[in-house]
Structure formats: structure tokens, C-alpha cells
>>> print(open('query.txt').read())   # compact mmCIF, C-alpha atoms and all ligand atoms
# COMPACT_ATOMS: atom_id res chain seq x y z
CA MET A 1 79.62 -64.43 -81.87
CA ARG A 2 82.59 -62.10 -81.53
CA HIS A 3 84.74 -61.28 -84.52
CA SER A 4 87.77 -63.39 -83.67
CA SER A 5 85.76 -66.44 -82.75
CA LYS A 6 83.75 -65.99 -85.92
CA LYS A 7 86.93 -66.05 -87.95
CA GLU A 8 88.04 -69.20 -86.20
CA TYR A 9 84.69 -70.80 -86.76
CA ALA A 10 84.82 -69.87 -90.46
CA ARG A 11 88.24 -71.50 -90.69
CA TYR A 12 86.95 -74.61 -88.99
CA LEU A 13 83.99 -74.82 -91.37
CA LEU A 14 86.21 -74.36 -94.41
CA ASP A 15 88.47 -77.07 -93.15
CA ARG A 16 85.53 -79.45 -92.68
CA LEU A 17 84.30 -78.65 -96.16
CA HIS A 18 87.67 -79.48 -97.69
CA GLN A 19 87.79 -82.77 -95.80
CA GLU A 20 84.24 -83.90 -96.22
CA ILE A 21 83.45 -83.05 -99.84
CA ASP A 22 83.63 -86.30 -101.81
CA ARG A 23 82.14 -85.35 -105.18
CA PRO A 24 81.76 -82.22 -107.32
CA VAL A 25 78.80 -80.14 -106.15
CA THR A 26 77.36 -77.11 -107.92
CA VAL A 27 75.30 -74.95 -105.60
CA MET A 28 73.09 -72.07 -106.69
CA GLU A 29 72.06 -69.21 -104.45
CA VAL A 30 68.69 -67.66 -105.31
CA CYS A 31 69.01 -64.50 -103.30
CA GLY A 32 70.72 -61.24 -104.16
CA THR A 33 71.78 -60.71 -100.56
CA HIS A 34 73.64 -64.04 -100.68
CA THR A 35 75.23 -63.01 -103.98
CA VAL A 36 76.58 -59.85 -102.35
CA ALA A 37 77.72 -61.70 -99.20
CA ILE A 38 79.58 -64.32 -101.26
CA ALA A 39 81.22 -61.76 -103.54
CA LYS A 40 82.18 -59.48 -100.66
CA SER A 41 83.69 -62.23 -98.50
CA GLY A 42 85.71 -63.65 -101.36
CA LEU A 43 84.41 -67.07 -100.32
CA ARG A 44 84.57 -68.51 -103.83
CA GLU A 45 88.37 -68.49 -103.82
CA LEU A 46 88.55 -70.38 -100.52
CA LEU A 47 86.19 -73.23 -101.28
CA PRO A 48 87.31 -76.71 -102.31
CA GLU A 49 87.82 -77.09 -106.05
CA LYS A 50 84.96 -79.54 -106.18
CA MET A 51 82.51 -76.91 -104.98
CA HIS A 52 81.06 -74.44 -107.47
CA LEU A 53 78.80 -71.57 -106.54
CA LEU A 54 76.40 -70.10 -109.08
CA SER A 55 74.25 -67.01 -108.69
CA GLY A 56 70.66 -67.46 -109.75
CA PRO A 57 67.68 -65.19 -110.41
CA GLY A 58 67.72 -63.90 -106.84
CA CYS A 59 67.27 -60.19 -107.38
CA PRO A 60 63.65 -59.17 -108.00
CA VAL A 61 64.72 -56.01 -109.81
CA CYS A 62 67.05 -57.88 -112.14
CA VAL A 63 64.46 -60.40 -113.27
CA THR A 64 61.95 -57.75 -114.32
CA ASP A 65 61.33 -57.97 -118.04
CA ASP A 66 61.97 -55.09 -120.47
CA TYR A 67 58.40 -55.10 -121.73
CA ASP A 68 56.99 -54.71 -118.21
CA LEU A 69 59.46 -51.92 -117.51
CA ASP A 70 58.39 -50.10 -120.70
CA VAL A 71 54.76 -50.30 -119.57
CA VAL A 72 55.77 -48.86 -116.18
CA MET A 73 57.56 -45.94 -117.90
CA ALA A 74 54.54 -45.25 -120.12
CA MET A 75 52.25 -45.31 -117.08
CA SER A 76 54.49 -42.93 -115.16
CA ARG A 77 53.99 -40.37 -117.94
CA GLN A 78 50.21 -40.26 -117.44
CA GLU A 79 48.75 -36.97 -116.23
CA GLY A 80 47.33 -36.93 -112.73
CA LEU A 81 49.28 -39.96 -111.58
CA ILE A 82 51.97 -40.42 -108.98
CA MET A 83 54.19 -43.47 -109.42
CA ALA A 84 55.55 -44.55 -106.03
CA THR A 85 58.44 -46.98 -106.02
CA PHE A 86 61.20 -48.46 -103.92
CA GLY A 87 64.49 -46.70 -104.68
CA ASP A 88 65.96 -49.86 -106.25
CA MET A 89 63.78 -49.43 -109.33
CA MET A 90 64.69 -45.83 -110.19
CA ARG A 91 67.71 -46.48 -112.38
CA VAL A 92 66.63 -49.76 -113.95
CA PRO A 93 66.64 -49.26 -117.71
CA GLY A 94 63.70 -50.27 -119.88
CA THR A 95 64.35 -50.25 -123.61
CA GLU A 96 64.06 -46.45 -123.84
CA SER A 97 64.39 -44.91 -120.41
CA SER A 98 64.32 -45.40 -116.65
CA LEU A 99 62.04 -43.97 -113.96
CA LEU A 100 64.83 -41.57 -113.07
CA GLN A 101 64.85 -40.25 -116.63
CA GLU A 102 61.05 -40.06 -116.71
CA LYS A 103 61.15 -38.07 -113.50
CA SER A 104 63.69 -35.63 -114.89
CA ARG A 105 61.36 -35.14 -117.87
CA GLY A 106 58.47 -34.25 -115.61
CA ALA A 107 56.80 -37.51 -114.55
CA ASP A 108 55.69 -37.54 -110.92
CA VAL A 109 57.78 -40.42 -109.58
CA ARG A 110 58.32 -40.69 -105.81
CA VAL A 111 60.73 -42.95 -103.98
CA VAL A 112 59.15 -44.52 -100.92
CA TYR A 113 60.65 -46.72 -98.25
CA SER A 114 57.43 -48.61 -97.53
CA PRO A 115 54.11 -49.19 -99.31
CA SER A 116 52.52 -47.48 -96.31
CA ASP A 117 54.23 -44.26 -97.50
CA ALA A 118 52.40 -44.73 -100.80
CA LEU A 119 49.11 -45.07 -98.90
CA GLN A 120 49.93 -41.80 -97.18
CA LEU A 121 50.58 -40.13 -100.54
CA ALA A 122 47.18 -41.32 -101.75
CA LYS A 123 45.51 -39.97 -98.66
CA GLU A 124 47.18 -36.58 -98.98
CA ASN A 125 46.54 -36.27 -102.72
CA PRO A 126 42.91 -37.32 -103.24
CA GLU A 127 42.78 -35.65 -106.66
CA VAL A 128 45.49 -37.84 -108.18
CA ASP A 129 45.96 -41.57 -108.60
CA VAL A 130 48.82 -43.13 -106.70
CA VAL A 131 50.29 -46.28 -108.25
CA PHE A 132 52.65 -48.31 -106.10
CA LEU A 133 55.16 -50.32 -108.09
CA GLY A 134 55.08 -53.71 -106.41
CA VAL A 135 58.42 -55.41 -106.94
CA GLY A 136 59.77 -58.24 -104.87
CA PHE A 137 59.62 -61.88 -103.90
CA GLU A 138 57.62 -63.46 -101.10
CA THR A 139 59.46 -61.36 -98.50
CA THR A 140 57.94 -58.19 -99.91
CA THR A 141 54.60 -59.39 -101.27
CA PRO A 142 52.83 -59.79 -97.90
CA VAL A 143 53.83 -56.24 -97.03
CA VAL A 144 52.21 -54.99 -100.23
CA ALA A 145 49.16 -57.19 -99.60
CA ALA A 146 48.87 -55.68 -96.11
CA ALA A 147 48.98 -52.19 -97.65
CA ILE A 148 46.15 -53.14 -100.03
CA ASP A 149 44.23 -54.41 -97.02
CA GLN A 150 44.73 -51.01 -95.37
CA ALA A 151 43.57 -49.23 -98.55
CA VAL A 152 40.41 -51.36 -98.49
CA GLN A 153 39.81 -50.52 -94.82
CA MET A 154 40.43 -46.83 -95.43
CA GLY A 155 38.19 -46.79 -98.51
CA LEU A 156 41.06 -45.27 -100.53
CA GLU A 157 39.91 -45.11 -104.11
CA ASN A 158 42.97 -43.50 -105.66
CA PHE A 159 45.48 -46.20 -104.69
CA SER A 160 46.51 -49.14 -106.82
CA VAL A 161 49.41 -51.56 -107.23
CA PHE A 162 51.35 -52.38 -110.39
CA SER A 163 52.31 -55.92 -109.53
CA LEU A 164 55.64 -57.14 -110.82
CA HIS A 165 55.80 -59.58 -107.91
CA LYS A 166 57.47 -62.89 -108.58
CA LEU A 167 57.41 -66.25 -106.84
CA VAL A 168 60.59 -68.13 -106.02
CA PRO A 169 59.57 -71.85 -105.99
CA PRO A 170 58.29 -71.90 -109.62
CA ILE A 171 61.50 -70.39 -111.00
CA MET A 172 63.54 -72.96 -109.10
CA ARG A 173 61.55 -75.66 -110.87
CA VAL A 174 62.28 -74.01 -114.23
CA LEU A 175 65.99 -74.08 -113.48
CA LEU A 176 65.85 -77.72 -112.38
CA ASP A 177 64.01 -78.66 -115.58
CA ASP A 178 66.42 -76.78 -117.86
CA PRO A 179 68.82 -79.34 -119.36
CA GLU A 180 71.49 -76.67 -119.81
CA VAL A 181 71.47 -75.64 -116.17
CA LYS A 182 73.19 -78.10 -113.89
CA ILE A 183 72.51 -77.53 -110.22
CA ASP A 184 73.10 -80.06 -107.46
CA ALA A 185 71.76 -78.03 -104.55
CA PHE A 186 70.31 -74.68 -103.56
CA LEU A 187 71.02 -72.10 -100.90
CA ASN A 188 67.47 -70.94 -100.22
CA PRO A 189 66.73 -67.27 -99.67
CA GLY A 190 66.52 -66.68 -95.91
CA HIS A 191 63.84 -64.04 -95.66
CA VAL A 192 61.67 -65.49 -98.42
CA CYS A 193 61.57 -68.59 -96.22
CA THR A 194 60.77 -66.47 -93.15
CA ILE A 195 57.43 -66.04 -94.91
CA LEU A 196 57.06 -69.32 -96.82
CA GLY A 197 58.70 -71.80 -94.46
CA THR A 198 60.06 -75.01 -95.98
CA GLU A 199 56.98 -76.77 -97.39
CA PRO A 200 56.90 -74.96 -100.80
CA PHE A 201 60.47 -76.19 -101.43
CA ARG A 202 59.98 -79.84 -100.51
CA PHE A 203 59.49 -80.82 -104.15
CA ILE A 204 63.16 -80.00 -104.76
CA ALA A 205 64.29 -82.71 -102.35
CA GLU A 206 61.46 -85.14 -103.01
CA GLU A 207 60.98 -84.92 -106.79
CA TYR A 208 64.46 -83.90 -107.87
CA GLY A 209 66.49 -85.48 -105.07
CA LYS A 210 68.47 -82.27 -104.48
CA PRO A 211 69.33 -80.70 -101.14
CA CYS A 212 68.27 -77.18 -100.30
CA VAL A 213 69.31 -75.27 -97.24
CA VAL A 214 67.62 -72.12 -95.99
CA THR A 215 70.59 -69.88 -95.36
CA GLY A 216 71.45 -66.74 -93.40
CA PHE A 217 73.48 -63.85 -94.72
CA GLU A 218 76.90 -64.05 -93.13
CA ALA A 219 79.92 -65.87 -94.50
CA VAL A 220 79.72 -68.42 -91.64
CA ASP A 221 76.02 -69.01 -92.39
CA ILE A 222 76.86 -69.76 -95.99
CA LEU A 223 79.73 -72.07 -95.00
CA GLU A 224 77.49 -73.92 -92.55
CA ALA A 225 74.88 -74.34 -95.25
CA LEU A 226 77.43 -75.66 -97.74
CA LEU A 227 78.59 -78.20 -95.18
CA LEU A 228 74.99 -79.31 -94.62
CA ILE A 229 74.67 -79.80 -98.38
CA VAL A 230 77.86 -81.88 -98.57
CA ARG A 231 76.58 -84.02 -95.67
CA GLN A 232 73.18 -84.45 -97.28
CA TYR A 233 74.92 -85.80 -100.37
CA ARG A 234 77.17 -88.08 -98.40
CA GLU A 235 74.26 -89.49 -96.47
CA GLU A 236 72.09 -89.58 -99.59
CA SER A 237 69.28 -87.87 -97.73
CA PRO A 238 68.24 -84.79 -99.69
CA ALA A 239 65.96 -82.54 -97.66
CA VAL A 240 65.05 -78.93 -96.99
CA ASP A 241 67.23 -77.97 -94.03
CA ILE A 242 67.08 -74.71 -92.12
CA GLN A 243 70.47 -73.26 -91.30
CA TYR A 244 68.97 -69.80 -90.65
CA LYS A 245 66.97 -70.84 -87.59
CA ARG A 246 67.25 -67.32 -86.15
CA ALA A 247 64.58 -66.05 -88.54
CA VAL A 248 62.96 -69.08 -90.15
CA ARG A 249 60.46 -71.54 -88.78
CA PRO A 250 59.41 -74.60 -90.78
CA GLU A 251 55.87 -73.25 -91.03
CA GLY A 252 56.99 -69.74 -92.07
CA ASN A 253 54.59 -66.93 -91.27
CA PRO A 254 51.09 -68.25 -92.07
CA VAL A 255 49.46 -64.86 -91.37
CA ALA A 256 51.66 -63.24 -94.02
CA VAL A 257 50.97 -66.04 -96.50
CA GLY A 258 47.26 -65.55 -95.77
CA PHE A 259 47.52 -61.88 -96.79
CA ILE A 260 49.24 -62.80 -100.05
CA GLU A 261 46.55 -65.37 -100.83
CA LYS A 262 43.70 -63.05 -99.92
CA TYR A 263 44.71 -60.34 -102.39
CA PHE A 264 46.82 -62.04 -105.06
CA THR A 265 46.52 -65.01 -107.35
CA PRO A 266 49.38 -66.67 -109.30
CA VAL A 267 49.63 -65.86 -113.01
CA GLN A 268 52.03 -66.44 -115.85
CA SER A 269 54.85 -63.94 -115.65
CA ARG A 270 57.80 -62.82 -117.79
CA TRP A 271 61.31 -63.18 -116.37
CA ARG A 272 64.13 -61.33 -118.03
CA GLY A 273 66.09 -63.61 -120.32
CA ILE A 274 64.19 -66.65 -119.12
CA GLY A 275 60.78 -65.92 -120.63
CA GLU A 276 57.20 -66.67 -119.64
CA VAL A 277 56.86 -68.93 -116.61
CA PRO A 278 53.40 -70.23 -115.69
CA GLY A 279 52.25 -69.47 -112.16
CA SER A 280 55.38 -67.49 -111.30
CA GLY A 281 53.90 -64.00 -110.93
CA LEU A 282 51.06 -62.51 -108.94
CA GLU A 283 48.12 -60.34 -109.92
CA LEU A 284 45.29 -58.87 -107.86
CA ARG A 285 42.31 -61.19 -107.44
CA ASP A 286 39.16 -60.30 -109.40
CA GLU A 287 37.42 -59.01 -106.25
CA TYR A 288 40.13 -56.40 -105.85
CA VAL A 289 40.52 -55.45 -109.49
CA GLN A 290 40.11 -51.75 -108.67
CA TYR A 291 43.49 -51.92 -106.91
CA ASP A 292 45.16 -53.40 -109.98
CA ALA A 293 47.01 -50.58 -111.78
CA ARG A 294 47.39 -52.62 -114.96
CA LYS A 295 43.61 -52.97 -115.23
CA ARG A 296 42.88 -49.40 -114.18
CA PHE A 297 45.25 -47.87 -116.68
CA PRO A 298 45.44 -50.34 -119.53
CA ILE A 299 48.58 -49.55 -121.49
CA THR A 300 50.29 -51.52 -124.20
CA VAL A 301 53.65 -50.63 -125.67
CA LYS A 302 55.53 -51.88 -128.69
CA PRO A 303 57.94 -54.61 -127.66
CA GLY A 304 61.37 -52.99 -127.63
CA LYS A 305 64.52 -54.50 -129.04
CA CYS A 306 66.70 -56.44 -126.69
CA ARG A 307 70.05 -54.78 -126.10
CA LYS A 308 72.72 -56.42 -128.22
CA GLY A 309 75.17 -58.51 -126.27
CA CYS A 310 73.36 -58.26 -122.94
CA SER A 311 73.71 -61.62 -121.25
CA CYS A 312 71.43 -60.97 -118.28
CA GLY A 313 69.33 -64.04 -119.09
CA GLU A 314 72.32 -66.38 -119.06
CA VAL A 315 73.74 -64.70 -115.97
CA LEU A 316 70.41 -65.10 -114.17
CA LYS A 317 70.30 -68.81 -115.00
CA GLY A 318 73.88 -69.32 -113.84
CA LEU A 319 75.00 -70.27 -117.37
CA LYS A 320 77.44 -67.39 -117.59
CA LEU A 321 79.47 -65.55 -115.01
CA PRO A 322 79.00 -61.79 -115.20
CA TYR A 323 82.48 -61.18 -116.61
CA GLU A 324 81.72 -63.59 -119.44
CA CYS A 325 79.21 -61.05 -120.76
CA PRO A 326 80.91 -59.11 -123.57
CA LEU A 327 79.57 -55.83 -122.20
CA PHE A 328 80.69 -56.36 -118.59
CA GLY A 329 82.86 -53.57 -117.22
CA LYS A 330 83.35 -52.03 -120.67
CA VAL A 331 80.00 -50.90 -122.03
CA CYS A 332 78.08 -51.90 -118.91
CA THR A 333 79.12 -50.49 -115.52
CA PRO A 334 77.19 -49.44 -112.40
CA ALA A 335 77.54 -45.82 -113.55
CA LYS A 336 76.16 -46.64 -117.01
CA PRO A 337 74.26 -49.90 -116.62
CA VAL A 338 72.96 -51.72 -119.68
CA GLY A 339 71.08 -54.45 -117.84
CA PRO A 340 69.35 -54.46 -114.44
CA CYS A 341 71.84 -57.02 -113.12
CA MET A 342 74.33 -54.14 -113.12
CA VAL A 343 71.92 -51.57 -111.64
CA SER A 344 70.67 -53.23 -108.53
CA THR A 345 73.19 -53.37 -105.71
CA GLU A 346 72.17 -57.00 -105.34
CA GLY A 347 72.52 -57.86 -109.01
CA SER A 348 75.15 -60.48 -109.86
CA CYS A 349 76.94 -58.17 -112.30
CA ALA A 350 77.06 -55.29 -109.83
CA ALA A 351 78.36 -57.60 -107.08
CA TYR A 352 81.09 -59.00 -109.35
CA TYR A 353 81.98 -55.52 -110.58
CA ARG A 354 82.31 -54.25 -107.08
CA TYR A 355 84.19 -57.09 -105.46
CA GLY A 356 85.63 -59.24 -108.20
CA ARG A 357 87.17 -56.97 -110.80
CA GLN A 358 90.77 -57.83 -110.15
CA LYS A 359 90.16 -61.47 -110.68
CA ALA A 360 88.20 -60.87 -113.85
CA GLY A 361 91.03 -58.73 -115.13
CA VAL A 362 88.67 -55.92 -116.07
CA MET B 1 65.94 -56.28 -101.70
CA CYS B 2 64.90 -58.94 -99.21
CA LEU B 3 66.94 -57.55 -96.32
CA ALA B 4 65.20 -57.47 -92.96
CA ILE B 5 66.23 -55.56 -89.85
CA PRO B 6 65.63 -56.67 -86.26
CA SER B 7 64.01 -54.22 -83.84
CA LYS B 8 62.36 -54.20 -80.42
CA ILE B 9 58.71 -53.30 -79.86
CA LEU B 10 58.30 -50.42 -77.41
CA LYS B 11 54.62 -49.61 -77.72
CA ILE B 12 51.66 -50.97 -79.65
CA ASN B 13 48.92 -48.72 -81.06
CA GLY B 14 46.48 -50.98 -82.91
CA PRO B 15 48.00 -52.11 -86.23
CA THR B 16 51.13 -50.04 -85.70
CA ALA B 17 53.92 -50.14 -83.17
CA GLU B 18 56.81 -48.01 -82.03
CA VAL B 19 60.03 -49.93 -82.36
CA ASP B 20 63.63 -49.35 -81.44
CA ILE B 21 66.10 -49.95 -84.25
CA ALA B 22 69.61 -49.52 -82.92
CA GLY B 23 68.53 -46.62 -80.73
CA ASN B 24 66.21 -44.96 -83.28
CA VAL B 25 62.49 -45.01 -82.61
CA LYS B 26 60.32 -45.64 -85.62
CA GLU B 27 56.67 -46.39 -86.29
CA VAL B 28 56.04 -49.64 -88.14
CA ASN B 29 53.10 -51.80 -89.06
CA ILE B 30 52.53 -55.10 -87.23
CA MET B 31 49.52 -56.53 -89.12
CA LEU B 32 51.60 -59.49 -90.33
CA THR B 33 52.68 -60.43 -86.80
CA PRO B 34 49.49 -60.13 -84.73
CA GLU B 35 51.08 -62.19 -81.93
CA ALA B 36 53.80 -59.55 -81.31
CA LYS B 37 53.80 -58.02 -77.81
CA VAL B 38 55.60 -55.11 -76.19
CA GLY B 39 59.18 -56.20 -75.50
CA ASP B 40 59.24 -58.70 -78.39
CA TYR B 41 61.78 -58.52 -81.17
CA VAL B 42 60.54 -58.44 -84.75
CA LEU B 43 62.16 -58.57 -88.16
CA LEU B 44 61.25 -55.52 -90.24
CA HIS B 45 60.95 -55.37 -93.99
CA ALA B 46 59.78 -52.24 -95.86
CA GLY B 47 58.15 -50.78 -92.78
CA TYR B 48 56.27 -53.92 -91.70
CA ALA B 49 57.16 -56.55 -89.11
CA ILE B 50 57.35 -59.90 -90.88
CA GLN B 51 58.31 -62.27 -88.04
CA VAL B 52 58.74 -62.39 -84.28
CA ILE B 53 62.21 -63.57 -83.28
CA ASP B 54 64.03 -64.07 -79.99
CA GLU B 55 66.47 -61.58 -78.50
CA LYS B 56 69.65 -63.53 -79.18
CA SER B 57 68.66 -64.04 -82.82
CA ALA B 58 67.86 -60.33 -83.08
CA GLU B 59 71.36 -59.42 -81.92
CA GLU B 60 73.04 -61.85 -84.28
CA ILE B 61 70.95 -60.75 -87.24
CA PHE B 62 71.66 -57.13 -86.42
CA ASP B 63 75.42 -57.74 -86.66
CA ALA B 64 74.95 -59.42 -90.02
CA TRP B 65 72.69 -56.64 -91.19
CA GLU B 66 75.27 -54.01 -90.33
CA ASP B 67 77.80 -55.89 -92.44
CA ALA B 68 75.42 -56.27 -95.36
CA HIS B 69 74.31 -52.68 -95.11
CA GLU B 70 77.90 -51.53 -95.28
CA ALA B 71 78.44 -53.68 -98.33
CA LEU B 72 75.48 -52.14 -100.09
CA GLN B 73 76.43 -48.52 -99.47
S1 LIG C 1 77.25 -57.03 -117.64
FE1 LIG C 1 75.49 -55.69 -118.03
S2 LIG C 1 74.75 -56.31 -120.04
FE2 LIG C 1 76.08 -57.95 -119.32
S3 LIG C 1 74.70 -59.38 -118.31
FE3 LIG C 1 75.43 -57.98 -116.73
S4 LIG C 1 73.89 -56.37 -116.65
FE4 LIG C 1 73.53 -57.49 -118.57
>>> encode(input="query.txt", output="C-alpha cells", more="lines below")
Ligand code: SF4
Amino acid sequence: MRHSSKKEYARYLLDRLHQEIDRPVTVMEVCGTHTVAIAKSGLRELLPEKMHLLSGPGCPVCVTDDYDLDVVMAMSRQEGLIMATFGDMMRVPGTESSLLQEKSRGADVRVVYSPSDALQLAKENPEVDVVFLGVGFETTTPVVAAAIDQAVQMGLENFSVFSLHKLVPPIMRVLLDDPEVKIDAFLNPGHVCTILGTEPFRFIAEEYGKPCVVTGFEAVDILEALLLIVRQYREESPAVDIQYKRAVRPEGNPVAVGFIEKYFTPVQSRWRGIGEVPGSGLELRDEYVQYDARKRFPITVKPGKCRKGCSCGEVLKGLKLPYECPLFGKVCTPAKPVGPCMVSTEGSCAAYYRYGRQKAGV
Amino acid sequence: MCLAIPSKILKINGPTAEVDIAGNVKEVNIMLTPEAKVGDYVLLHAGYAIQVIDEKSAEEIFDAWEDAHEALQ
């Protein structure tokens, strides 16, 4: 669609939304890319008063727990070990330091664009152990599983994965069960659903009676999805709809899901500010334990103290807006982040800081 | 973090393929999309194709990706 016609279409959709909404609806997006798109487009200001948008735990970096980060830092300090990570993780603070700080103090930390770069590092450096820091939701996990598959094929013995992978459907259930959190509908993460399809989200419509719409990443995609939600409510027919048909099929990508299931098994996992959630993380299956960095290099650290005033947990659950955190914009800024929600470009706090400061009066 | 970029497959060499991303040729892995053929469009994430998509979708997603990419710079 060309720019001008897109604008017109956006106007049309907004108009429909204003006319068709007949009850207050609170919608949560569970995807950092949506958070950025919404903040950047200024959509919140244009929506009907009855429509509230909340940002959920949609940024895999932001939901990583302090304790897990501290273990990662400790591991990166081991002799004869290369820690390979996506760039997003470099500045994320644990209780004491970040990977960037560890690197400046001599740890061998490498930023890679793909887990296949980490495989390459392992191949080129047979005398050291290469640990790939696996962070991400279901979009990223099959890619990491495929890399493990390649390591198995190649007989690479010095490659392993530190899995911080998290699963989206279980955390959505946690939010739905939390009496404090009031959500009427979800914008589902587009590329997570490229992999998973719609089936793993059906419980939201069927057990909780709430609409969810798999949504693309442009302002008009989000508006279309919101209109679908309003219509689902009006027709009292909650379902999992796909707005983002360009990239999402109802069945997802079964080959990719097969790779996840072959190498990983769900385990209890810690989410920042939310706590332990059963079945919401992934670890390597017993048959592939040699590729599990946590088992290969068992490290425990003393639980660090939570930073005073950090409201990441409440922000991630949609209970607080970023500028309601006492540290927002004063103590905590993208240049000097206190919590990961301010570090990651897709974190809610970073998105609000970047695009919403005037409104927040900060 | 979950961004994905559309690209066109130029050549397939076993589990990897050469793709064209906005005029740049890059080698990517196609293990997760074994059905992908030369000439197909795929969505890329972290160096791996994660889904085969049609040409029109690829163009539309590319526009959106450019916007998002700009926003994240
Ligand atoms: S502003 Fe900073 S400290 Fe407050 S919730 Fe956001 S990331 Fe955490």
C-alpha cells in the first residue's frame, strides 16, 4: 500500500473503531516490536477513550531474571570460554555488572548476529568452549535448536547453549489468572505465531472467553487488529484471529516446532518481577545434556538484592506505565539503565522514553 | 527481538541458501523451511529462514520492516 492510501486507510480504521466500540476494552500487546510500533506511531492518543492499550512481557531480554543474569556474568568470567550473544544482551544489567562490563574487564564475550556464527566460533577455536546465550521466544528458539542440530551433525564438542528461552502461551495464562491484571484481549506476537500458529493460544478464547488477534507490525495492522477485537466482543464470539496473514498460517511452521521439541523440554522458569512460572522456560533434553551450558559449567551465585524502586515487574504485567516508575527518566535512562526494560530497544520503558517523554512530562 | 526480514532465495546449497535482501546477497540457513525453492520468498530471523511467504507479502513486510528498523536505530 502506498503511503497516502495507508494514511487514509488508517483514518478509516480509526473512524470505525470510534463508531463501533461499545464497551471499555483493555488490550495487551505481548511483543516488544508492537510496543515500539505503538509508541512510535502515537496511536494511544488517537484511540477511543474506551480503548486502553497495555504493554506486556513481550521483550525476551526484559523478562530475564537478575539471578539468571548473574549466573551468565559469572560464567563469562571462566577461563577458556567464549560467551557468544546477540547484541541485545550486552548492556543488560545483572545485580553487579553487564556482559559489556565483563568484556571490558577481560571476559571473552562476542556479539553474534546468528547462532550459526557461534557454531563457526566453536569450529575455529577447538581449544576453548563456546557458550551461546540463548535468549528469545518461540521465534528464536527453533533457530537455536537448528544450530544445536548442526553441532550434533558436525560432532562439535566445544559448543553449548545457555538457555534463557521463554514460552509465550504460559505467561499469557499467568496474566489471565492474576486478579490484579485486567485484560480483555490480546494482540498476539506476529512472528512467534509464524512458528506456533494459532492452536497454542486457543485456550485464551475457549477457557477465558477473550479475543486474541495475531497482529502485524505497522500502525494499520494494529488498528485492524483492534477493530477485529471490538467486533469479536460485539458478536460475543471470542476466537484467535489472524490479522497478520502475510506471515502467519494457522498451523504455524511445524518443522520449526519439531526442532524445538526435539532438543528442548519445558521447565519452570524465572521471569523478572513475575517470579517462577511452571513450564514457561526451555532446557535441553537429557539426551543432549552435553550441549547444556548450565549443566556443563555448574555455577551458583548468591541471590543479589533487587534494585530499590525498580518497577520492571509491574511494568511487565501492565500494572504500571513506565513513567509511573519512580526511577523512570531520572535515575533510569537508556544511557544509564537500571532495569532491562530500559536497555532493550524493545523494552516498554525505552519505548516510552524515546517516544513519549513530552506526554509524561519528564 | 522477534523481527523478521523478507528475502528472496537465489541459490540453494544443501542446508544453506543465498538470498537477496534488498539488493544484498547473504548466505542463510534453510533447515527450518525444507520446502523452500529457488525464487521463493522467505522470512529471515537470526540468519535462518523461518517461513516461506508469497511475493506480495514479502514486499509489504519489507516496507514495515524498514519502518521498524528506522525506529530501532
Ligand atoms: S524505568 Fe527503569 S527501573 Fe523503572 S521499571 Fe523501567 S527499567 Fe525498571
>>> closest_residue(input="query.txt", among="A:Asp292, A:Asp149, A:Asp66, A:Asp22", to="chain B", atoms="all atoms listed in the file")
A:Asp149
>>> residues_around(input="query.txt", residues="B:Ile30", least_positions_apart="3", cutoff="6 Å", atoms="all atoms listed in the file", output="PDB file with C-alpha atoms, in the frame of the given file")
ATOM      1  CA  PRO B  15      48.000 -52.110 -86.230  1.00  0.00           C
ATOM      2  CA  THR B  16      51.130 -50.040 -85.700  1.00  0.00           C
ATOM      3  CA  THR B  33      52.680 -60.430 -86.800  1.00  0.00           C
ATOM      4  CA  TYR B  48      56.270 -53.920 -91.700  1.00  0.00           C
ATOM      5  CA  ALA B  49      57.160 -56.550 -89.110  1.00  0.00           C
TER       6      ALA B  49
END
>>> interface_residues(input="query.txt", of="chain B", to="chain A", cutoff="12 Å", atoms="only C-alpha atoms", output="ChimeraX atom specification")
/B:1-6,15-16,27-35,41-73
>>> residues_near_ligand(input="query.txt", ligand="ligand LIG 1 (chain C)", cutoff="8 Å", atoms="all atoms listed in the file", output="ChimeraX atom specification")
/A:307,309-315,322-329,331-333,337-343,347-350
>>> write_last_selection(input="query.txt", atoms="C-alpha atoms", output="CSV table (one decimal), keeping the file's coordinate frame")
chain,number,residue,atom,x,y,z
A,307,ARG,CA,70.0,-54.8,-126.1
A,309,GLY,CA,75.2,-58.5,-126.3
A,310,CYS,CA,73.4,-58.3,-122.9
A,311,SER,CA,73.7,-61.6,-121.2
A,312,CYS,CA,71.4,-61.0,-118.3
A,313,GLY,CA,69.3,-64.0,-119.1
A,314,GLU,CA,72.3,-66.4,-119.1
A,315,VAL,CA,73.7,-64.7,-116.0
A,322,PRO,CA,79.0,-61.8,-115.2
A,323,TYR,CA,82.5,-61.2,-116.6
A,324,GLU,CA,81.7,-63.6,-119.4
A,325,CYS,CA,79.2,-61.0,-120.8
A,326,PRO,CA,80.9,-59.1,-123.6
A,327,LEU,CA,79.6,-55.8,-122.2
A,328,PHE,CA,80.7,-56.4,-118.6
A,329,GLY,CA,82.9,-53.6,-117.2
A,331,VAL,CA,80.0,-50.9,-122.0
A,332,CYS,CA,78.1,-51.9,-118.9
A,333,THR,CA,79.1,-50.5,-115.5
A,337,PRO,CA,74.3,-49.9,-116.6
A,338,VAL,CA,73.0,-51.7,-119.7
A,339,GLY,CA,71.1,-54.4,-117.8
A,340,PRO,CA,69.4,-54.5,-114.4
A,341,CYS,CA,71.8,-57.0,-113.1
A,342,MET,CA,74.3,-54.1,-113.1
A,343,VAL,CA,71.9,-51.6,-111.6
A,347,GLY,CA,72.5,-57.9,-109.0
A,348,SER,CA,75.2,-60.5,-109.9
A,349,CYS,CA,76.9,-58.2,-112.3
A,350,ALA,CA,77.1,-55.3,-109.8
>>> atom_distance(input="query.txt", atom1="atom CA of A:Ile274", atom2="atom CA of A:Gln101")
26.5 Å
>>> residues_near_point(input="query.txt", point="(56.8, -68.5, -117.9)", cutoff="12 Å", atoms="only C-alpha atoms", output="PyMOL selection string")
chain A and resi 65+166-167+170-175+266-281
>>> closest_residue(input="query.txt", among="A:Val301, A:Val27, A:Ala39, A:Val128", to="A:Tyr352", atoms="all atoms listed in the file")
A:Ala39
>>> closest_residue(input="query.txt", among="A:Met28, A:Lys336, A:Gly94, A:Leu316", to="A:Cys62", atoms="only C-alpha atoms")
A:Leu316
>>> atom_distance(input="query.txt", atom1="atom CA of A:Val213", atom2="atom CA of A:Leu321")
22.7 Å
>>> residues_around(input="query.txt", residues="B:Lys8", least_positions_apart="4", cutoff="7 Å", atoms="all atoms listed in the file", output="PyMOL selection string")
chain B and resi 19-21+39-42
>>> atom_distance(input="query.txt", atom1="atom CA of B:Ile9", atom2="atom CA of B:Val38")
5.1 Å
